[in-house]
file final.txt (compact mmCIF, C-alpha atoms)
# COMPACT_ATOMS: atom_id res chain seq x y z
CA MET A 1 53.67 60.48 85.81
CA LEU A 2 56.84 58.46 85.38
CA ILE A 3 60.10 58.21 87.30
CA ASP A 4 63.47 57.51 85.70
CA SER A 5 65.00 55.37 88.42
CA HIS A 6 68.51 55.45 86.95
CA CYS A 7 70.18 58.04 84.75
CA HIS A 8 73.54 59.80 84.53
CA LEU A 9 72.76 63.49 84.34
CA SER A 10 76.34 64.38 85.32
CA SER A 11 77.69 62.71 82.19
CA GLU A 12 79.49 64.78 79.57
CA GLU A 13 76.82 63.88 77.03
CA ILE A 14 73.98 65.36 79.12
CA TYR A 15 75.31 67.85 81.66
CA PRO A 16 76.13 70.66 79.18
CA ASN A 17 72.47 70.64 78.05
CA LEU A 18 70.90 69.76 81.38
CA PRO A 19 68.24 72.54 81.54
CA GLN A 20 66.90 71.55 78.13
CA VAL A 21 67.03 67.84 78.99
CA LEU A 22 65.04 68.44 82.17
CA GLU A 23 62.51 70.59 80.32
CA ARG A 24 61.93 67.78 77.84
CA ALA A 25 61.59 65.33 80.73
CA LYS A 26 58.97 67.52 82.38
CA ALA A 27 57.04 67.84 79.12
CA ALA A 28 57.05 64.06 78.78
CA GLY A 29 55.61 63.58 82.28
CA ILE A 30 58.84 62.48 83.98
CA GLU A 31 58.35 63.97 87.42
CA TYR A 32 61.42 62.59 89.22
CA MET A 33 64.82 61.16 88.32
CA LEU A 34 67.57 59.38 90.23
CA ASN A 35 71.03 60.53 89.17
CA ALA A 36 73.34 57.55 89.72
CA GLY A 37 77.00 57.92 90.59
CA GLY A 38 79.91 56.27 88.82
CA LYS A 39 82.70 57.64 91.00
CA PHE A 40 82.97 59.72 94.14
CA ASP A 41 84.70 62.59 92.32
CA GLU A 42 81.43 63.51 90.62
CA LEU A 43 79.38 63.72 93.83
CA SER A 44 79.84 67.50 94.18
CA VAL A 45 78.35 68.02 90.71
CA GLN A 46 75.54 65.59 91.48
CA LEU A 47 74.68 67.47 94.66
CA GLN A 48 74.67 70.79 92.82
CA ILE A 49 72.20 69.33 90.33
CA SER A 50 69.90 68.07 93.09
CA GLN A 51 70.06 71.38 94.93
CA GLN A 52 69.16 73.31 91.80
CA TYR A 53 66.60 70.78 90.58
CA PRO A 54 64.73 69.17 93.51
CA GLN A 55 63.12 66.65 91.15
CA VAL A 56 66.54 64.99 90.79
CA PHE A 57 67.65 62.63 93.56
CA THR A 58 71.26 61.50 93.98
CA ALA A 59 72.98 58.14 94.42
CA THR A 60 76.67 57.86 95.27
CA GLY A 61 78.81 54.93 94.23
CA VAL A 62 81.74 53.50 92.32
CA HIS A 63 81.01 51.82 89.01
CA PRO A 64 83.06 48.63 88.51
CA HIS A 65 84.77 50.30 85.54
CA ASN A 66 86.21 52.81 88.02
CA ALA A 67 87.02 50.38 90.85
CA GLN A 68 90.75 50.54 90.21
CA GLU A 69 90.72 54.28 91.00
CA TYR A 70 89.03 53.57 94.33
CA ALA A 71 90.76 50.36 95.37
CA SER A 72 91.31 51.70 98.90
CA VAL A 73 87.73 52.85 99.47
CA ASN A 74 86.06 51.39 102.54
CA CYS A 75 82.58 51.35 104.02
CA GLU A 76 83.20 54.48 106.08
CA ASP A 77 84.13 56.43 102.96
CA VAL A 78 80.83 55.46 101.37
CA LEU A 79 78.84 56.35 104.47
CA LYS A 80 80.38 59.85 104.55
CA ASN A 81 78.87 60.46 101.13
CA THR A 82 75.40 59.42 102.30
CA LYS A 83 75.11 62.17 104.92
CA TYR A 84 73.65 64.61 102.40
CA ASP A 85 69.86 64.89 102.26
CA GLN A 86 69.79 64.48 98.48
CA VAL A 87 71.67 61.15 98.56
CA VAL A 88 68.95 58.50 98.66
CA ALA A 89 70.89 55.40 97.54
CA ILE A 90 74.30 53.79 97.14
CA GLY A 91 75.42 53.08 93.60
CA GLU A 92 75.84 52.29 91.09
CA CYS A 93 78.27 49.54 91.98
CA GLY A 94 78.81 45.90 91.18
CA LEU A 95 80.77 43.71 88.80
CA ASP A 96 81.54 43.98 85.09
CA TYR A 97 83.61 41.15 83.65
CA PHE A 98 82.68 42.03 80.06
CA TYR A 99 85.00 45.00 79.78
CA ASP A 100 87.27 44.18 82.73
CA PHE A 101 88.41 47.81 83.00
CA SER A 102 89.34 47.04 86.61
CA PRO A 103 90.80 43.76 87.92
CA LYS A 104 88.16 41.34 89.16
CA ASP A 105 89.56 41.16 92.67
CA VAL A 106 89.48 44.96 92.96
CA GLN A 107 85.91 45.06 91.64
CA ILE A 108 84.87 42.49 94.23
CA LYS A 109 86.61 44.32 97.06
CA THR A 110 84.98 47.63 96.17
CA PHE A 111 81.58 46.00 95.72
CA LYS A 112 81.81 44.41 99.16
CA GLU A 113 82.43 47.82 100.74
CA MET A 114 79.37 49.23 98.97
CA ILE A 115 77.31 46.31 100.26
CA LYS A 116 78.55 46.93 103.80
CA ALA A 117 77.54 50.58 103.50
CA ALA A 118 74.06 49.54 102.37
CA GLN A 119 73.81 47.20 105.34
CA GLU A 120 74.88 49.92 107.76
CA SER A 121 72.86 52.80 106.31
CA GLN A 122 69.86 50.79 105.12
CA LEU A 123 69.90 52.87 101.95
CA PRO A 124 69.11 50.90 98.80
CA LEU A 125 71.98 49.45 96.78
CA ILE A 126 71.99 49.96 93.00
CA VAL A 127 73.71 46.95 91.42
CA HIS A 128 75.38 46.68 88.02
CA SER A 129 76.19 43.20 86.73
CA ARG A 130 77.52 42.21 83.32
CA GLU A 131 79.00 38.80 82.53
CA ALA A 132 79.36 38.36 86.29
CA GLU A 133 76.09 36.72 87.25
CA GLU A 134 77.42 33.98 89.54
CA ASP A 135 79.71 36.22 91.56
CA THR A 136 77.06 38.94 91.82
CA ALA A 137 74.43 36.51 93.08
CA GLN A 138 76.83 34.84 95.50
CA LEU A 139 78.08 38.10 97.04
CA LEU A 140 74.59 39.56 97.46
CA THR A 141 73.04 36.37 98.83
CA LYS A 142 75.86 35.74 101.31
CA ALA A 143 75.83 39.33 102.57
CA TYR A 144 72.04 39.38 102.88
CA LYS A 145 72.13 36.30 105.12
CA GLU A 146 74.61 38.08 107.37
CA LYS A 147 72.62 41.33 107.56
CA PRO A 148 69.59 42.18 105.39
CA PHE A 149 69.72 45.14 103.02
CA TYR A 150 67.72 46.31 100.03
CA GLY A 151 68.31 47.33 96.46
CA VAL A 152 67.75 47.01 92.75
CA LEU A 153 69.40 45.13 89.92
CA HIS A 154 69.59 48.00 87.48
CA CYS A 155 69.46 47.68 83.70
CA TYR A 156 68.79 43.96 83.98
CA SER A 157 69.86 42.05 80.87
CA SER A 158 71.28 38.80 82.27
CA LYS A 159 70.12 35.23 82.62
CA TRP A 160 66.97 34.57 84.62
CA GLU A 161 68.97 32.93 87.41
CA LEU A 162 70.42 36.29 88.47
CA ALA A 163 67.01 37.95 88.52
CA GLN A 164 65.67 35.06 90.60
CA ALA A 165 68.58 35.33 93.04
CA VAL A 166 68.02 39.03 93.70
CA LEU A 167 64.24 38.65 93.86
CA ASP A 168 64.77 35.97 96.51
CA ILE A 169 66.44 38.53 98.78
CA GLY A 170 63.78 41.19 98.19
CA PHE A 171 65.49 43.23 95.49
CA TYR A 172 63.78 45.02 92.64
CA VAL A 173 64.60 44.51 88.95
CA SER A 174 64.80 47.47 86.58
CA ALA A 175 63.99 47.56 82.88
CA SER A 176 65.95 49.78 80.52
CA GLY A 177 65.56 50.58 76.83
CA MET A 178 67.14 47.22 76.08
CA ILE A 179 63.72 45.57 76.39
CA THR A 180 62.68 47.37 73.19
CA PHE A 181 65.55 46.03 71.09
CA ASN A 182 64.76 43.59 68.28
CA ASN A 183 67.13 40.94 69.64
CA ALA A 184 65.81 41.12 73.22
CA GLN A 185 63.02 38.54 73.08
CA GLU A 186 64.55 36.42 75.84
CA LEU A 187 64.86 39.51 78.03
CA ARG A 188 61.23 40.38 77.43
CA GLU A 189 60.26 36.82 78.37
CA ASN A 190 62.24 37.17 81.60
CA PHE A 191 60.43 40.38 82.49
CA LYS A 192 57.13 38.54 82.17
CA LYS A 193 58.25 36.59 85.25
CA VAL A 194 59.26 39.57 87.39
CA PRO A 195 56.47 40.35 89.89
CA LEU A 196 54.72 43.67 89.30
CA GLU A 197 55.56 44.82 92.82
CA ARG A 198 59.30 44.45 92.11
CA LEU A 199 59.51 46.31 88.81
CA LEU A 200 61.35 49.56 88.18
CA ILE A 201 62.03 51.42 84.96
CA GLU A 202 65.01 53.48 83.85
CA THR A 203 66.84 55.02 80.93
CA ASP A 204 70.48 54.57 82.06
CA SER A 205 70.92 57.69 79.96
CA PRO A 206 73.00 58.73 78.11
CA TYR A 207 73.26 55.05 77.13
CA LEU A 208 70.89 52.49 75.60
CA ALA A 209 68.32 54.69 73.90
CA PRO A 210 65.16 52.66 73.22
CA LYS A 211 63.52 52.02 69.90
CA PRO A 212 62.68 54.05 67.86
CA LEU A 213 65.49 56.35 69.07
CA ARG A 214 68.43 53.95 69.00
CA GLY A 215 71.74 55.61 68.21
CA LYS A 216 70.77 58.89 69.86
CA VAL A 217 72.04 60.19 73.19
CA ASN A 218 69.51 58.75 75.63
CA GLU A 219 67.75 61.07 78.07
CA PRO A 220 64.95 60.74 80.66
CA SER A 221 62.20 61.85 78.28
CA PHE A 222 62.86 58.74 76.18
CA ILE A 223 61.64 56.49 79.00
CA ILE A 224 58.11 56.70 77.63
CA HIS A 225 59.06 54.14 74.95
CA THR A 226 60.47 51.72 77.52
CA ALA A 227 57.42 52.14 79.74
CA ASP A 228 55.11 51.42 76.83
CA CYS A 229 57.06 48.26 75.96
CA LEU A 230 57.11 47.09 79.58
CA GLY A 231 53.39 47.65 79.79
CA GLN A 232 52.86 45.48 76.72
CA ILE A 233 55.04 42.75 78.25
CA LYS A 234 52.93 42.80 81.42
CA GLY A 235 49.58 43.26 79.67
CA LEU A 236 49.05 46.74 81.08
CA ASP A 237 48.48 50.16 79.60
CA LEU A 238 50.92 53.05 80.02
CA LYS A 239 48.97 54.61 82.88
CA GLN A 240 48.94 51.34 84.83
CA ILE A 241 52.63 50.53 84.40
CA SER A 242 53.53 54.11 85.27
CA ALA A 243 51.55 53.99 88.51
CA ILE A 244 53.07 50.65 89.49
CA THR A 245 56.68 51.67 88.86
CA VAL A 246 56.22 55.03 90.62
CA LYS A 247 54.86 53.29 93.71
CA ASN A 248 57.69 50.76 93.61
CA PHE A 249 60.27 53.53 93.34
CA PHE A 250 59.12 55.22 96.51
CA ASP A 251 58.65 51.89 98.30
CA LEU A 252 62.34 51.19 97.69
CA PHE A 253 63.85 54.68 97.89
CA LYS A 254 62.19 55.73 101.12
CA LYS A 255 64.53 58.67 101.69
CA ALA A 256 63.38 60.10 98.36
CA GLN A 257 59.77 59.82 99.52
CA LYS A 258 60.60 61.93 102.58
CA LEU A 259 62.19 64.62 100.44
CA ILE A 260 59.00 65.33 98.51
CA LYS A 261 56.69 65.65 101.51

call {"tool": "encode", "arguments": {"input": "final.txt", "output": "structure tokens"}}
result
Amino acid sequence: MLIDSHCHLSSEEIYPNLPQVLERAKAAGIEYMLNAGGKFDELSVQLQISQQYPQVFTATGVHPHNAQEYASVNCEDVLKNTKYDQVVAIGECGLDYFYDFSPKDVQIKTFKEMIKAAQESQLPLIVHSREAEEDTAQLLTKAYKEKPFYGVLHCYSSKWELAQAVLDIGFYVSASGMITFNNAQELRENFKKVPLERLLIETDSPYLAPKPLRGKVNEPSFIIHTADCLGQIKGLDLKQISAITVKNFFDLFKKAQKLIK
């Protein structure tokens, strides 16, 4: 059994073929998936998916690419979206200075509101960070000192200092297909240092398909390749790394655990 802790099933690349994608996931032993949000406008579709397919949990958030569209969003707006049973987390959200699709100050403002919502709801926060390590670490650390909250650094591919900063406040760190890439040796070395009890695994589908499937539209069934690679990094077999990451998922996403009982 595996869990894809972060995918985008509402995306235009996957949604039109969702039944087939979920069938392939089931055949590959992917028992649960967390469908992350990139903007509030897609929440209704996300909820429909979770209602039709109970193995799919929902997260609601504003990706930094879309922050400009939601510049006026506040904590209360986020909390309204968390009232639904299927919504088990807030995100994804964070900072992306690589593409800069939204102004940095707007990204920061929106991210702060997501953090506040995580503090108030005690739902886990799913954090995206690209070329924004210092600001991400500073915002999370400062907010945590004010009021503790929990979360995961998803699709981690940054310097070790960011991983250390989020581990210091109790966050989890998630491995994507990037760990399988030929040029990702430093990333693999960093994952050697992440404690087993803080590891998660994801596809971030439809993006970042792992080797040997690079260039294809990524989907949850492909996570088997990432899990195998992560197991090799940690000196564990597939069954062991699967069990560890499944336990970690439900330790973090406690609302999801309640939904399956």

call {"tool": "residues_around", "arguments": {"input": "final.txt", "residues": "A:Glu131", "least_positions_apart": "3", "cutoff": "10 Å", "atoms": "all atoms listed in the file", "output": "PDB file with C-alpha atoms, in the frame of the given file"}}
result
ATOM      1  CA  LEU A  95      80.770  43.710  88.800  1.00  0.00           C
ATOM      2  CA  ASP A  96      81.540  43.980  85.090  1.00  0.00           C
ATOM      3  CA  TYR A  97      83.610  41.150  83.650  1.00  0.00           C
ATOM      4  CA  PHE A  98      82.680  42.030  80.060  1.00  0.00           C
ATOM      5  CA  TYR A  99      85.000  45.000  79.780  1.00  0.00           C
ATOM      6  CA  ASP A 100      87.270  44.180  82.730  1.00  0.00           C
ATOM      7  CA  GLU A 134      77.420  33.980  89.540  1.00  0.00           C
ATOM      8  CA  ASP A 135      79.710  36.220  91.560  1.00  0.00           C
ATOM      9  CA  THR A 136      77.060  38.940  91.820  1.00  0.00           C
ATOM     10  CA  SER A 157      69.860  42.050  80.870  1.00  0.00           C
ATOM     11  CA  SER A 158      71.280  38.800  82.270  1.00  0.00           C
ATOM     12  CA  LYS A 159      70.120  35.230  82.620  1.00  0.00           C
TER      13      LYS A 159
END

call {"tool": "residues_around", "arguments": {"input": "final.txt", "residues": "stretch 35-44 of chain A", "least_positions_apart": "6", "cutoff": "9 Å", "atoms": "all atoms listed in the file", "output": "number ranges by chain"}}
result
A: 4-10, 50, 56-67, 69-70, 78, 81, 89-93, 126, 204

call {"tool": "residues_around", "arguments": {"input": "final.txt", "residues": "A:Glu76", "least_positions_apart": "4", "cutoff": "10 Å", "atoms": "only C-alpha atoms", "output": "ChimeraX atom specification"}}
result
/A:80-82,113-114,116-117,120

call {"tool": "closest_residue", "arguments": {"input": "final.txt", "among": "A:Val166, A:Cys155, A:Leu208, A:Val127", "to": "A:Thr141", "atoms": "all atoms listed in the file"}}
result
A:Val166

call {"tool": "closest_residue", "arguments": {"input": "final.txt", "among": "A:Ser174, A:Glu133, A:Ile169, A:Ile233", "to": "A:Lys147", "atoms": "all atoms listed in the file"}}
result
A:Ile169

call {"tool": "atom_distance", "arguments": {"input": "final.txt", "atom1": "atom CA of A:Lys109", "atom2": "atom CA of A:Ala165"}}
result
20.5 Å

call {"tool": "atom_distance", "arguments": {"input": "final.txt", "atom1": "atom CA of A:Ser72", "atom2": "atom CA of A:Ile115"}}
result
15.1 Å

call {"tool": "residues_near_point", "arguments": {"input": "final.txt", "point": "(54.7, 51.3, 79.9)", "cutoff": "10 Å", "atoms": "all atoms listed in the file", "output": "MDAnalysis selection string"}}
result
chainID A and resid 2 201 223:245

call {"tool": "residues_around", "arguments": {"input": "final.txt", "residues": "A:Val173", "least_positions_apart": "6", "cutoff": "6 Å", "atoms": "only C-alpha atoms", "output": "MDAnalysis selection string"}}
result
chainID A and resid 152:153 199

call {"tool": "atom_distance", "arguments": {"input": "final.txt", "atom1": "atom CA of A:Tyr172", "atom2": "atom CA of A:Lys112"}}
result
19.2 Å

call {"tool": "closest_residue", "arguments": {"input": "final.txt", "among": "A:Gln122, A:Phe149, A:Ile260, A:Leu167", "to": "A:Ala137", "atoms": "all atoms listed in the file"}}
result
A:Leu167

call {"tool": "closest_residue", "arguments": {"input": "final.txt", "among": "A:Ala163, A:Ala184, A:Tyr156, A:Phe111", "to": "A:Ala143", "atoms": "only C-alpha atoms"}}
result
A:Phe111

call {"tool": "closest_residue", "arguments": {"input": "final.txt", "among": "A:Phe249, A:Tyr150, A:Tyr207, A:Phe171", "to": "A:Ile14", "atoms": "only C-alpha atoms"}}
result
A:Tyr207

call {"tool": "closest_residue", "arguments": {"input": "final.txt", "among": "A:Gln52, A:Asp85, A:Pro103, A:Ser205", "to": "A:Glu219", "atoms": "only C-alpha atoms"}}
result
A:Ser205

call {"tool": "residues_around", "arguments": {"input": "final.txt", "residues": "A:Ala256", "least_positions_apart": "6", "cutoff": "8 Å", "atoms": "all atoms listed in the file", "output": "list of chain:residue names"}}
result
A:Phe57, A:Gln86, A:Val88, A:Phe250
